[in-house]
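K.L.:
As input, take model19.csv (CSV, C-alpha atoms):
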```
chain,number,residue,atom,x,y,z
W,14,MET,CA,44.5,-1.7,-7.9
W,15,ASN,CA,46.3,-3.0,-10.9
W,16,GLU,CA,49.6,-1.2,-10.5
W,17,ALA,CA,50.5,-1.4,-14.2
W,18,ALA,CA,47.6,1.0,-14.9
W,19,LEU,CA,49.5,3.8,-13.1
W,20,ALA,CA,52.0,4.0,-16.0
W,21,ALA,CA,49.3,5.9,-18.0
W,22,PHE,CA,49.9,8.9,-15.7
W,23,GLY,CA,53.3,9.4,-17.4
W,24,PRO,CA,56.4,11.1,-16.0
W,25,ALA,CA,54.7,14.5,-15.6
W,26,ILE,CA,52.5,13.3,-12.7
W,27,GLU,CA,54.1,12.2,-9.5
W,28,VAL,CA,52.3,9.1,-8.1
W,29,CYS,CA,52.4,7.8,-4.5
W,30,TYR,CA,51.1,4.2,-4.7
W,31,ASP,CA,50.7,2.7,-1.2
W,32,PRO,CA,47.8,0.4,-0.4
W,33,SER,CA,48.7,0.5,3.2
W,34,LEU,CA,47.7,4.1,3.6
W,35,VAL,CA,44.1,3.0,4.2
W,36,ASP,CA,45.1,1.6,7.5
W,37,ASP,CA,47.2,4.6,8.5
W,38,PRO,CA,44.9,7.7,8.6
W,39,GLU,CA,47.5,10.1,9.9
W,40,ARG,CA,50.0,9.2,7.2
W,41,LEU,CA,47.3,9.4,4.6
W,42,ARG,CA,46.4,12.9,5.7
W,43,ARG,CA,50.1,13.9,5.3
W,44,GLU,CA,50.3,12.4,1.9
W,45,VAL,CA,47.2,14.1,0.5
W,46,ALA,CA,48.3,17.5,1.7
W,47,GLN,CA,49.8,18.3,-1.7
W,48,ALA,CA,47.7,15.9,-3.8
W,49,ASP,CA,45.7,17.0,-6.8
W,50,ALA,CA,44.0,13.6,-7.0
W,51,LEU,CA,43.2,10.7,-4.7
W,52,ILE,CA,42.3,7.1,-5.8
W,53,VAL,CA,40.5,4.9,-3.2
W,54,ARG,CA,38.6,1.7,-2.9
W,55,ASN,CA,35.7,1.3,-0.4
W,56,ARG,CA,37.5,1.4,2.9
W,57,THR,CA,39.0,4.9,2.7
W,58,ARG,CA,36.6,7.4,4.3
W,59,VAL,CA,36.7,10.5,2.1
W,60,ASP,CA,35.0,12.9,4.5
W,61,LEU,CA,35.3,16.6,5.3
W,62,SER,CA,38.2,15.9,7.6
W,63,LEU,CA,40.2,14.3,4.9
W,64,LEU,CA,39.2,16.9,2.3
W,65,ASP,CA,40.3,19.7,4.7
W,66,ALA,CA,43.7,18.0,4.8
W,67,ALA,CA,43.9,18.1,1.0
W,68,PRO,CA,43.4,21.7,-0.1
W,69,LYS,CA,44.7,21.1,-3.6
W,70,LEU,CA,42.5,18.1,-4.3
W,71,ARG,CA,40.6,18.3,-7.6
W,72,VAL,CA,39.3,14.7,-8.1
W,73,VAL,CA,38.6,11.5,-6.3
W,74,GLY,CA,38.8,8.3,-8.4
W,75,ARG,CA,36.8,5.4,-7.0
W,76,LEU,CA,38.0,1.9,-7.8
W,77,GLY,CA,34.5,0.6,-8.2
W,78,VAL,CA,31.0,2.2,-8.2
W,79,GLY,CA,29.8,2.3,-4.6
W,80,LEU,CA,30.1,5.8,-3.2
W,81,GLU,CA,29.0,5.2,0.4
W,82,ASN,CA,32.5,6.0,1.7
W,83,ILE,CA,32.7,9.3,0.0
W,84,ASP,CA,31.0,12.5,1.3
W,85,LEU,CA,29.5,13.7,-2.0
W,86,GLU,CA,28.1,16.9,-0.5
W,87,ALA,CA,31.5,17.9,1.0
W,88,CYS,CA,33.2,17.1,-2.3
W,89,ALA,CA,30.8,19.3,-4.2
W,90,GLU,CA,31.3,22.1,-1.7
W,91,LYS,CA,35.0,22.0,-2.3
W,92,SER,CA,34.7,21.6,-6.0
W,93,VAL,CA,36.2,18.1,-5.9
W,94,GLU,CA,34.9,15.8,-8.7
W,95,VAL,CA,34.1,12.2,-7.8
W,96,LYS,CA,34.7,9.6,-10.6
W,97,PRO,CA,33.5,6.1,-10.1
W,98,ALA,CA,34.7,3.3,-12.5
W,99,ALA,CA,31.2,2.8,-13.9
W,100,GLY,CA,30.7,-0.3,-16.0
W,101,ALA,CA,34.2,-1.6,-15.5
W,102,ASN,CA,33.2,-4.6,-13.3
W,103,THR,CA,29.8,-5.2,-14.7
W,104,GLN,CA,30.7,-8.5,-16.4
W,105,SER,CA,32.1,-9.9,-13.2
W,106,VAL,CA,28.9,-9.2,-11.3
W,107,VAL,CA,26.8,-10.6,-14.1
W,108,GLU,CA,28.8,-13.9,-14.0
W,109,TYR,CA,28.6,-14.1,-10.2
W,110,VAL,CA,24.8,-13.7,-10.2
W,111,ILE,CA,24.3,-16.2,-13.0
W,112,GLY,CA,26.7,-18.6,-11.4
W,113,ALA,CA,25.1,-18.3,-8.0
W,114,MET,CA,21.6,-19.0,-9.5
W,115,LEU,CA,22.9,-22.1,-11.3
W,116,VAL,CA,24.6,-23.5,-8.2
W,117,LEU,CA,21.8,-22.8,-5.8
W,118,ARG,CA,19.1,-24.1,-8.2
W,119,ARG,CA,20.9,-27.3,-9.2
W,120,GLY,CA,22.1,-28.1,-5.7
W,121,ALA,CA,24.6,-30.7,-6.9
W,122,PHE,CA,28.0,-29.1,-6.7
W,123,ALA,CA,29.0,-29.9,-3.1
W,124,SER,CA,29.1,-33.6,-3.6
W,125,THR,CA,32.8,-34.1,-4.4
W,126,GLU,CA,33.8,-35.3,-0.9
W,127,GLY,CA,30.9,-37.7,-0.6
W,128,VAL,CA,31.5,-39.2,-4.1
W,129,LEU,CA,35.2,-39.7,-3.4
W,130,ALA,CA,34.2,-41.5,-0.1
W,131,GLY,CA,32.0,-43.9,-2.1
W,132,ASP,CA,28.6,-42.2,-1.7
W,133,TRP,CA,26.4,-42.1,-4.8
W,134,PRO,CA,23.5,-39.7,-4.0
W,135,ARG,CA,22.3,-39.8,-7.6
W,136,ALA,CA,18.6,-39.9,-6.8
W,137,VAL,CA,18.9,-36.9,-4.4
W,138,LEU,CA,21.1,-34.7,-6.5
W,139,GLY,CA,19.4,-35.6,-9.7
W,140,ALA,CA,16.3,-33.9,-8.3
W,141,GLY,CA,17.9,-30.4,-8.7
W,142,GLY,CA,16.2,-27.7,-10.7
W,143,GLU,CA,16.9,-25.6,-13.7
W,144,ILE,CA,16.7,-21.8,-14.2
W,145,HIS,CA,15.2,-22.1,-17.7
W,146,GLY,CA,11.6,-20.8,-17.7
W,147,LEU,CA,11.9,-19.2,-14.2
W,148,THR,CA,11.3,-15.6,-13.5
W,149,LEU,CA,14.2,-13.4,-12.5
W,150,GLY,CA,13.2,-10.4,-10.4
W,151,LEU,CA,15.6,-7.5,-10.4
W,152,LEU,CA,15.3,-5.0,-7.6
W,153,GLY,CA,16.9,-2.0,-9.3
W,154,PHE,CA,17.2,-2.0,-13.1
W,155,GLY,CA,20.3,0.0,-13.8
W,156,ALA,CA,23.2,-0.9,-16.1
W,157,ILE,CA,24.4,-3.9,-14.1
W,158,ALA,CA,20.9,-5.3,-13.6
W,159,GLN,CA,20.2,-4.8,-17.3
W,160,ALA,CA,23.3,-6.8,-18.2
W,161,VAL,CA,22.2,-9.5,-15.8
W,162,ALA,CA,18.8,-9.5,-17.5
W,163,ARG,CA,20.4,-10.0,-20.9
W,164,ALA,CA,22.4,-13.0,-19.7
W,165,ALA,CA,19.5,-14.5,-17.9
W,166,SER,CA,17.2,-14.1,-20.9
W,167,ALA,CA,19.8,-16.0,-23.0
W,168,LEU,CA,19.3,-18.9,-20.6
W,169,GLY,CA,15.6,-18.8,-21.1
W,170,MET,CA,14.5,-16.8,-18.0
W,171,LYS,CA,11.7,-14.4,-17.9
W,172,ILE,CA,12.6,-10.9,-16.5
W,173,ALA,CA,10.7,-8.7,-14.1
W,174,ALA,CA,12.1,-5.5,-12.5
W,175,PHE,CA,11.3,-2.9,-9.9
W,176,ASP,CA,12.9,0.5,-10.3
W,177,PRO,CA,10.9,3.6,-9.6
W,178,TYR,CA,13.7,5.9,-10.7
W,179,LEU,CA,14.0,4.5,-14.3
W,180,PRO,CA,11.7,6.4,-16.6
W,181,ALA,CA,8.8,4.5,-18.0
W,182,ALA,CA,10.0,5.5,-21.5
W,183,ASP,CA,13.4,4.0,-21.1
W,184,PRO,CA,14.1,1.4,-23.8
W,185,ALA,CA,15.3,-1.1,-21.1
W,186,TRP,CA,11.7,-1.7,-20.1
W,187,SER,CA,11.1,-3.4,-23.5
W,188,THR,CA,13.2,-6.4,-22.1
W,189,ALA,CA,11.5,-6.6,-18.7
W,190,GLN,CA,8.1,-6.6,-17.0
W,191,SER,CA,7.8,-3.5,-14.8
W,192,CYS,CA,6.5,-4.4,-11.4
W,193,SER,CA,5.8,-2.8,-8.0
W,194,LEU,CA,8.0,-4.2,-5.2
W,195,GLU,CA,5.2,-6.4,-3.9
W,196,GLU,CA,4.5,-7.8,-7.4
W,197,LEU,CA,8.1,-8.5,-8.0
W,198,LEU,CA,8.5,-10.4,-4.7
W,199,ALA,CA,5.3,-12.4,-5.4
W,200,ILE,CA,6.2,-13.6,-8.9
W,201,ALA,CA,10.1,-14.0,-8.9
W,202,ASP,CA,11.7,-17.4,-8.6
W,203,VAL,CA,15.0,-15.6,-8.1
W,204,VAL,CA,15.4,-12.1,-6.6
W,205,SER,CA,18.6,-10.3,-7.3
W,206,LEU,CA,19.4,-7.0,-5.6
W,207,HIS,CA,21.0,-4.1,-7.6
W,208,VAL,CA,20.3,-0.9,-5.5
W,209,PRO,CA,22.5,1.3,-3.4
W,210,LEU,CA,22.3,1.4,0.4
W,211,THR,CA,20.2,4.5,1.3
W,212,GLN,CA,17.7,5.3,4.0
W,213,THR,CA,15.0,4.0,1.7
W,214,THR,CA,16.7,0.7,0.9
W,215,LYS,CA,18.2,0.0,4.4
W,216,GLY,CA,16.5,-3.2,5.7
W,217,LEU,CA,14.3,-3.3,2.6
W,218,ILE,CA,14.5,-7.1,2.5
W,219,GLY,CA,13.3,-7.8,6.0
W,220,PRO,CA,10.7,-10.1,7.5
W,221,ASP,CA,7.8,-8.6,5.7
W,222,ALA,CA,9.5,-8.7,2.2
W,223,LEU,CA,10.7,-12.2,2.8
W,224,GLU,CA,7.3,-13.3,3.7
W,225,LYS,CA,5.9,-11.9,0.5
W,226,MET,CA,8.5,-13.8,-1.6
W,227,LYS,CA,7.5,-16.8,-3.6
W,228,ALA,CA,7.9,-20.0,-1.6
W,229,GLY,CA,11.1,-21.8,-2.7
W,230,ALA,CA,12.6,-18.7,-4.2
W,231,LEU,CA,16.3,-17.8,-4.2
W,232,LEU,CA,17.8,-14.5,-3.0
W,233,ILE,CA,21.1,-13.0,-4.3
W,234,ASN,CA,22.6,-9.8,-2.9
W,235,THR,CA,25.7,-8.4,-4.7
W,236,ALA,CA,24.6,-4.8,-4.0
W,237,ARG,CA,25.3,-3.6,-0.4
W,238,GLY,CA,25.1,-5.0,3.0
W,239,GLY,CA,22.3,-3.6,5.2
W,240,ILE,CA,19.7,-4.0,2.5
W,241,VAL,CA,19.0,-7.5,3.7
W,242,ASP,CA,18.0,-8.3,7.3
W,243,GLU,CA,20.5,-11.1,7.7
W,244,ALA,CA,18.7,-12.7,10.7
W,245,ALA,CA,15.4,-12.7,8.9
W,246,LEU,CA,17.0,-14.2,5.9
W,247,ALA,CA,18.6,-16.9,7.9
W,248,ALA,CA,15.2,-17.8,9.5
W,249,ALA,CA,13.6,-17.9,6.1
W,250,LEU,CA,16.2,-20.4,4.9
W,251,ARG,CA,16.0,-22.6,8.0
W,252,ASP,CA,12.2,-22.8,7.9
W,253,GLY,CA,12.2,-23.6,4.2
W,254,LYS,CA,10.4,-20.4,3.1
W,255,LEU,CA,13.4,-19.8,0.7
W,256,ALA,CA,15.2,-22.5,-1.1
W,257,GLY,CA,18.6,-20.8,-1.1
W,258,ALA,CA,20.6,-17.5,-1.0
W,259,ALA,CA,23.9,-16.0,-2.0
W,260,LEU,CA,25.3,-13.0,-0.1
W,261,ASP,CA,28.4,-11.2,-1.2
W,262,VAL,CA,27.9,-8.2,1.0
W,263,PHE,CA,27.0,-7.8,4.7
W,264,ARG,CA,25.9,-5.2,7.2
W,265,ASN,CA,29.3,-5.4,8.9
W,266,GLU,CA,32.4,-6.5,6.9
W,267,PRO,CA,34.2,-8.7,7.7
W,268,LEU,CA,31.7,-10.8,9.7
W,269,ASP,CA,32.5,-11.1,13.4
W,270,ARG,CA,31.5,-14.2,15.4
W,271,THR,CA,28.1,-12.8,16.4
W,272,ALA,CA,27.2,-11.9,12.8
W,273,ALA,CA,28.5,-15.2,11.5
W,274,ALA,CA,26.5,-17.2,14.1
W,275,VAL,CA,23.3,-15.8,12.6
W,276,PHE,CA,23.8,-18.2,9.6
W,277,ASP,CA,24.4,-21.3,11.6
W,278,GLY,CA,22.4,-24.2,10.2
W,279,CYS,CA,21.3,-22.4,7.1
W,280,PRO,CA,20.9,-24.8,4.1
W,281,ASN,CA,21.9,-24.0,0.5
W,282,LEU,CA,23.7,-20.8,1.4
W,283,ILE,CA,26.6,-19.2,-0.4
W,284,LEU,CA,28.6,-16.5,1.4
W,285,THR,CA,31.5,-14.6,-0.3
W,286,PRO,CA,33.7,-11.7,0.9
W,287,HIS,CA,32.4,-8.8,-1.2
W,288,ILE,CA,34.1,-10.1,-4.4
W,289,ALA,CA,31.3,-10.3,-6.9
W,290,GLY,CA,32.8,-7.4,-9.0
W,291,VAL,CA,36.4,-8.4,-8.2
W,292,THR,CA,38.1,-10.6,-10.7
W,293,GLN,CA,41.5,-10.3,-12.3
W,294,PRO,CA,40.2,-9.0,-15.6
W,295,ALA,CA,37.8,-6.6,-13.8
W,296,SER,CA,40.6,-5.3,-11.6
W,297,ILE,CA,42.6,-4.4,-14.7
W,298,ARG,CA,39.5,-2.7,-16.3
W,299,VAL,CA,38.6,-0.8,-13.1
W,300,SER,CA,42.1,0.4,-12.6
W,301,GLN,CA,42.5,1.6,-16.2
W,302,VAL,CA,39.1,3.4,-16.2
W,303,THR,CA,39.9,5.0,-12.9
W,304,VAL,CA,43.2,6.3,-14.1
W,305,GLU,CA,41.6,7.6,-17.3
W,306,ASN,CA,38.9,9.3,-15.2
W,307,VAL,CA,41.5,11.0,-13.0
W,308,LEU,CA,43.6,12.0,-16.0
W,309,GLU,CA,40.6,13.6,-17.7
W,310,VAL,CA,40.2,16.0,-14.7
W,311,LEU,CA,43.9,16.7,-14.2
W,312,THR,CA,44.5,17.5,-17.8
W,313,ASP,CA,41.4,19.7,-18.2
W,314,ALA,CA,42.8,23.1,-18.8
W,315,SER,CA,39.5,24.8,-18.1
W,316,ILE,CA,39.7,23.8,-14.4
```
Rewrite the coordinates I just gave you, this time as structure tokens.
P.N.:
Amino acid sequence: MNEAALAAFGPAIEVCYDPSLVDDPERLRREVAQADALIVRNRTRVDLSLLDAAPKLRVVGRLGVGLENIDLEACAEKSVEVKPAAGANTQSVVEYVIGAMLVLRRGAFASTEGVLAGDWPRAVLGAGGEIHGLTLGLLGFGAIAQAVARAASALGMKIAAFDPYLPAADPAWSTAQSCSLEELLAIADVVSLHVPLTQTTKGLIGPDALEKMKAGALLINTARGGIVDEAALAAALRDGKLAGAALDVFRNEPLDRTAAAVFDGCPNLILTPHIAGVTQPASIRVSQVTVENVLEVLTDASI
């Protein structure tokens, strides 16, 4: 986290700031024994075992929004509040999604080495596409997806979304066409994923879903690994069913050799190491929001 944000705790709250604790579970258990609050990213497993080692714990601050690493039921049983940094990294994810769409659709930004070597593939690279007028399909239509929709609309895209949990009366639907999953896959030129990893969404974008996607579409996943069947996606890219994809998250992180080999020979593919929501400005905002969230609980006299 951005260490400067910790100053907001002030002198009355003792802070142990040590990012290496995530890789030393035994020392982490010793440190949380007297802790009133714990701040984590996505690699620290906040499970019943860790909670048992922290009998005074009142709040877990999450530097981000994903909660897969936190046992929410166990926290509730022990009256430990869980506070994600909702909204703090939205802009970073929006810019990643828009940027990935532009790069994948245009197909012209990997030519530097060739141009310097004297190549001049103007005819080939000049045949790239635009995103204006295309349909962006959002799988999940929560706050981040709605922000992506606003940015994409400003660039002239049409918006469609699938979200069975967003009430039909929600004002957000005035900006997007509400679709079933099958309808979304059939009409979207770009599909961007914005759902959590659950038993329902695990493997959701597999061979069947990929087959239902529009020929030549793009797929972008900044949500969670495991939602996309990586081998099926790689096959869809190699056989030309999809025109490109950007993955920021993977079933296993980091990729081992076997997982990486799945993507051998895939054209127009962008792979990044789970950084869509991680920029310097976002890190500052996430850290500040997390500290504020934790302070709110620690200074609540009613608890």
K.L.:
At what distance in Å, to one decimal, does CA of Ala158 in chain W lie from CA of Phe175 in chain W?
P.N.:
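Computed distance, CA of Phe175 in chain W to CA of Ala158 in chain W, equals 10.6 Å.
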K.L.:
What does the structure give for the distance between CA of Gly74 in chain W and CA of Ile52 in chain W, in Å to one decimal?
P.N.:
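One can read the CA of Gly74 in chain W to CA of Ile52 in chain W distance as 4.5 Å.
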K.L.:
For a test of reading the model, state the distance in Å between CA of Val241 in chain W and CA of Gly219 in chain W, rounded to one decimal.
P.N.:
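These atoms are spaced 6.2 Å apart.
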K.L.:
Quick one: which range 223-263 of chain W residues come within 12 Å of range 138-144 of chain W, and what is the nearest atom pair for each with the distance in Å to one decimal, counting only C-alpha atoms, rows ordered by chain and ascending number, as JSON lines?
P.N.:
```
{"residue": "W:Gly229", "atom": "CA", "partner": "W:Gly142", "partner_atom": "CA", "distance": 11.2}
{"residue": "W:Ala230", "atom": "CA", "partner": "W:Ile144", "partner_atom": "CA", "distance": 11.2}
{"residue": "W:Leu231", "atom": "CA", "partner": "W:Ile144", "partner_atom": "CA", "distance": 10.8}
{"residue": "W:Ala256", "atom": "CA", "partner": "W:Gly142", "partner_atom": "CA", "distance": 11.0}
```
K.L.:
Report as a PDB file with C-alpha atoms, keeping the file's coordinate frame all protein, DNA and RNA residues lying within 12 Å of Ala249 in chain W, evaluated on all atoms listed in the file, omitting residues in the same chain fewer than 2 positions from it.
P.N.:
```
ATOM      1  CA  ILE W 218      14.500  -7.100   2.500  1.00  0.00           C
ATOM      2  CA  GLY W 219      13.300  -7.800   6.000  1.00  0.00           C
ATOM      3  CA  PRO W 220      10.700 -10.100   7.500  1.00  0.00           C
ATOM      4  CA  ASP W 221       7.800  -8.600   5.700  1.00  0.00           C
ATOM      5  CA  ALA W 222       9.500  -8.700   2.200  1.00  0.00           C
ATOM      6  CA  LEU W 223      10.700 -12.200   2.800  1.00  0.00           C
ATOM      7  CA  GLU W 224       7.300 -13.300   3.700  1.00  0.00           C
ATOM      8  CA  LYS W 225       5.900 -11.900   0.500  1.00  0.00           C
ATOM      9  CA  MET W 226       8.500 -13.800  -1.600  1.00  0.00           C
ATOM     10  CA  LYS W 227       7.500 -16.800  -3.600  1.00  0.00           C
ATOM     11  CA  ALA W 228       7.900 -20.000  -1.600  1.00  0.00           C
ATOM     12  CA  GLY W 229      11.100 -21.800  -2.700  1.00  0.00           C
ATOM     13  CA  ALA W 230      12.600 -18.700  -4.200  1.00  0.00           C
ATOM     14  CA  LEU W 231      16.300 -17.800  -4.200  1.00  0.00           C
ATOM     15  CA  LEU W 232      17.800 -14.500  -3.000  1.00  0.00           C
ATOM     16  CA  VAL W 241      19.000  -7.500   3.700  1.00  0.00           C
ATOM     17  CA  ASP W 242      18.000  -8.300   7.300  1.00  0.00           C
ATOM     18  CA  GLU W 243      20.500 -11.100   7.700  1.00  0.00           C
ATOM     19  CA  ALA W 244      18.700 -12.700  10.700  1.00  0.00           C
ATOM     20  CA  ALA W 245      15.400 -12.700   8.900  1.00  0.00           C
ATOM     21  CA  LEU W 246      17.000 -14.200   5.900  1.00  0.00           C
ATOM     22  CA  ALA W 247      18.600 -16.900   7.900  1.00  0.00           C
ATOM     23  CA  ARG W 251      16.000 -22.600   8.000  1.00  0.00           C
ATOM     24  CA  ASP W 252      12.200 -22.800   7.900  1.00  0.00           C
ATOM     25  CA  GLY W 253      12.200 -23.600   4.200  1.00  0.00           C
ATOM     26  CA  LYS W 254      10.400 -20.400   3.100  1.00  0.00           C
ATOM     27  CA  LEU W 255      13.400 -19.800   0.700  1.00  0.00           C
ATOM     28  CA  ALA W 256      15.200 -22.500  -1.100  1.00  0.00           C
ATOM     29  CA  GLY W 257      18.600 -20.800  -1.100  1.00  0.00           C
ATOM     30  CA  ALA W 258      20.600 -17.500  -1.000  1.00  0.00           C
ATOM     31  CA  VAL W 275      23.300 -15.800  12.600  1.00  0.00           C
ATOM     32  CA  PHE W 276      23.800 -18.200   9.600  1.00  0.00           C
ATOM     33  CA  GLY W 278      22.400 -24.200  10.200  1.00  0.00           C
ATOM     34  CA  CYS W 279      21.300 -22.400   7.100  1.00  0.00           C
ATOM     35  CA  PRO W 280      20.900 -24.800   4.100  1.00  0.00           C
ATOM     36  CA  ASN W 281      21.900 -24.000   0.500  1.00  0.00           C
ATOM     37  CA  LEU W 282      23.700 -20.800   1.400  1.00  0.00           C
TER      38      LEU W 282
END
```
K.L.:
Identify which of the residues W:Thr125, W:Asn102, W:Thr211, W:Gln190 lies closest to Leu76 in chain W, counting all atoms listed in the file when measuring atom-to-atom distances.
P.N.:
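Closest candidate: W:Asn102.
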K.L.:
Residues near Val28 in chain W, anyone? I mean within 10 Å using all atoms listed in the file, not counting same-chain ones fewer than 4 positions away, as a PDB file with C-alpha atoms, in the coordinates of the input.
P.N.:
```pdb
ATOM      1  CA  LEU W  19      49.500   3.800 -13.100  1.00  0.00           C
ATOM      2  CA  ALA W  20      52.000   4.000 -16.000  1.00  0.00           C
ATOM      3  CA  PHE W  22      49.900   8.900 -15.700  1.00  0.00           C
ATOM      4  CA  GLY W  23      53.300   9.400 -17.400  1.00  0.00           C
ATOM      5  CA  PRO W  24      56.400  11.100 -16.000  1.00  0.00           C
ATOM      6  CA  ALA W  48      47.700  15.900  -3.800  1.00  0.00           C
ATOM      7  CA  ALA W  50      44.000  13.600  -7.000  1.00  0.00           C
ATOM      8  CA  LEU W  51      43.200  10.700  -4.700  1.00  0.00           C
TER       9      LEU W  51
END
```
K.L.:
Between W:Ile240, W:Ala98, W:Val78, W:Val35, which is the closest to Val302 in chain W once you count all atoms listed in the file?
P.N.:
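Ranking W:Ile240, W:Ala98, W:Val78, W:Val35 by distance to Val302 in chain W, first place goes to W:Ala98.
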K.L.:
Tell me which protein, DNA and RNA residues are within 8 Å of Gly79 in chain W, counting all atoms listed in the file, leaving out same-chain ones fewer than 5 positions away, and put them as a ChimeraX atom specification.
P.N.:
/W:55,97,209
K.L.:
Taking 2 positions as the minimum chain separation for residues in the same chain, which residues sit within 9 Å of Ala185 in chain W when counting only C-alpha atoms? Answer as a count of residues only.
P.N.:
9
K.L.:
Please, can range 68-79 of chain W be completed to N, CA, C and O atoms and returned as a PDB file, in the frame of the given file?
P.N.:
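Below is the file result-v2.pdb, written as the result:
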```pdb
ATOM      1  N   PRO W  68      43.915  20.492   0.505  1.00  0.00           N
ATOM      2  CA  PRO W  68      43.400  21.700  -0.100  1.00  0.00           C
ATOM      3  C   PRO W  68      43.547  21.841  -1.597  1.00  0.00           C
ATOM      4  O   PRO W  68      42.835  22.605  -2.240  1.00  0.00           O
ATOM      5  N   LYS W  69      44.460  21.065  -2.186  1.00  0.00           N
ATOM      6  CA  LYS W  69      44.700  21.100  -3.600  1.00  0.00           C
ATOM      7  C   LYS W  69      43.886  20.081  -4.403  1.00  0.00           C
ATOM      8  O   LYS W  69      43.930  20.049  -5.628  1.00  0.00           O
ATOM      9  N   LEU W  70      43.151  19.254  -3.684  1.00  0.00           N
ATOM     10  CA  LEU W  70      42.500  18.100  -4.300  1.00  0.00           C
ATOM     11  C   LEU W  70      41.449  18.567  -5.346  1.00  0.00           C
ATOM     12  O   LEU W  70      40.637  19.449  -5.085  1.00  0.00           O
ATOM     13  N   ARG W  71      41.483  17.936  -6.511  1.00  0.00           N
ATOM     14  CA  ARG W  71      40.600  18.300  -7.600  1.00  0.00           C
ATOM     15  C   ARG W  71      39.658  17.090  -7.969  1.00  0.00           C
ATOM     16  O   ARG W  71      38.583  17.277  -8.543  1.00  0.00           O
ATOM     17  N   VAL W  72      40.104  15.863  -7.670  1.00  0.00           N
ATOM     18  CA  VAL W  72      39.300  14.700  -8.100  1.00  0.00           C
ATOM     19  C   VAL W  72      39.598  13.515  -7.193  1.00  0.00           C
ATOM     20  O   VAL W  72      40.721  13.309  -6.725  1.00  0.00           O
ATOM     21  N   VAL W  73      38.526  12.738  -6.953  1.00  0.00           N
ATOM     22  CA  VAL W  73      38.600  11.500  -6.300  1.00  0.00           C
ATOM     23  C   VAL W  73      38.225  10.374  -7.235  1.00  0.00           C
ATOM     24  O   VAL W  73      37.097  10.366  -7.737  1.00  0.00           O
ATOM     25  N   GLY W  74      39.144   9.469  -7.533  1.00  0.00           N
ATOM     26  CA  GLY W  74      38.800   8.300  -8.400  1.00  0.00           C
ATOM     27  C   GLY W  74      38.453   7.143  -7.519  1.00  0.00           C
ATOM     28  O   GLY W  74      39.166   6.801  -6.574  1.00  0.00           O
ATOM     29  N   ARG W  75      37.312   6.552  -7.815  1.00  0.00           N
ATOM     30  CA  ARG W  75      36.800   5.400  -7.000  1.00  0.00           C
ATOM     31  C   ARG W  75      37.014   4.127  -7.803  1.00  0.00           C
ATOM     32  O   ARG W  75      36.480   3.960  -8.899  1.00  0.00           O
ATOM     33  N   LEU W  76      37.797   3.215  -7.230  1.00  0.00           N
ATOM     34  CA  LEU W  76      38.000   1.900  -7.800  1.00  0.00           C
ATOM     35  C   LEU W  76      36.807   1.024  -7.601  1.00  0.00           C
ATOM     36  O   LEU W  76      36.805   0.141  -6.753  1.00  0.00           O
ATOM     37  N   GLY W  77      35.753   1.272  -8.348  1.00  0.00           N
ATOM     38  CA  GLY W  77      34.500   0.600  -8.200  1.00  0.00           C
ATOM     39  C   GLY W  77      33.376   1.618  -8.400  1.00  0.00           C
ATOM     40  O   GLY W  77      33.618   2.703  -8.932  1.00  0.00           O
ATOM     41  N   VAL W  78      32.162   1.280  -7.973  1.00  0.00           N
ATOM     42  CA  VAL W  78      31.000   2.200  -8.200  1.00  0.00           C
ATOM     43  C   VAL W  78      30.324   2.641  -6.959  1.00  0.00           C
ATOM     44  O   VAL W  78      29.611   3.636  -6.977  1.00  0.00           O
ATOM     45  N   GLY W  79      30.464   1.917  -5.854  1.00  0.00           N
ATOM     46  CA  GLY W  79      29.800   2.300  -4.600  1.00  0.00           C
ATOM     47  C   GLY W  79      30.444   3.590  -4.058  1.00  0.00           C
ATOM     48  O   GLY W  79      31.667   3.718  -4.017  1.00  0.00           O
TER      49      GLY W  79
END
```
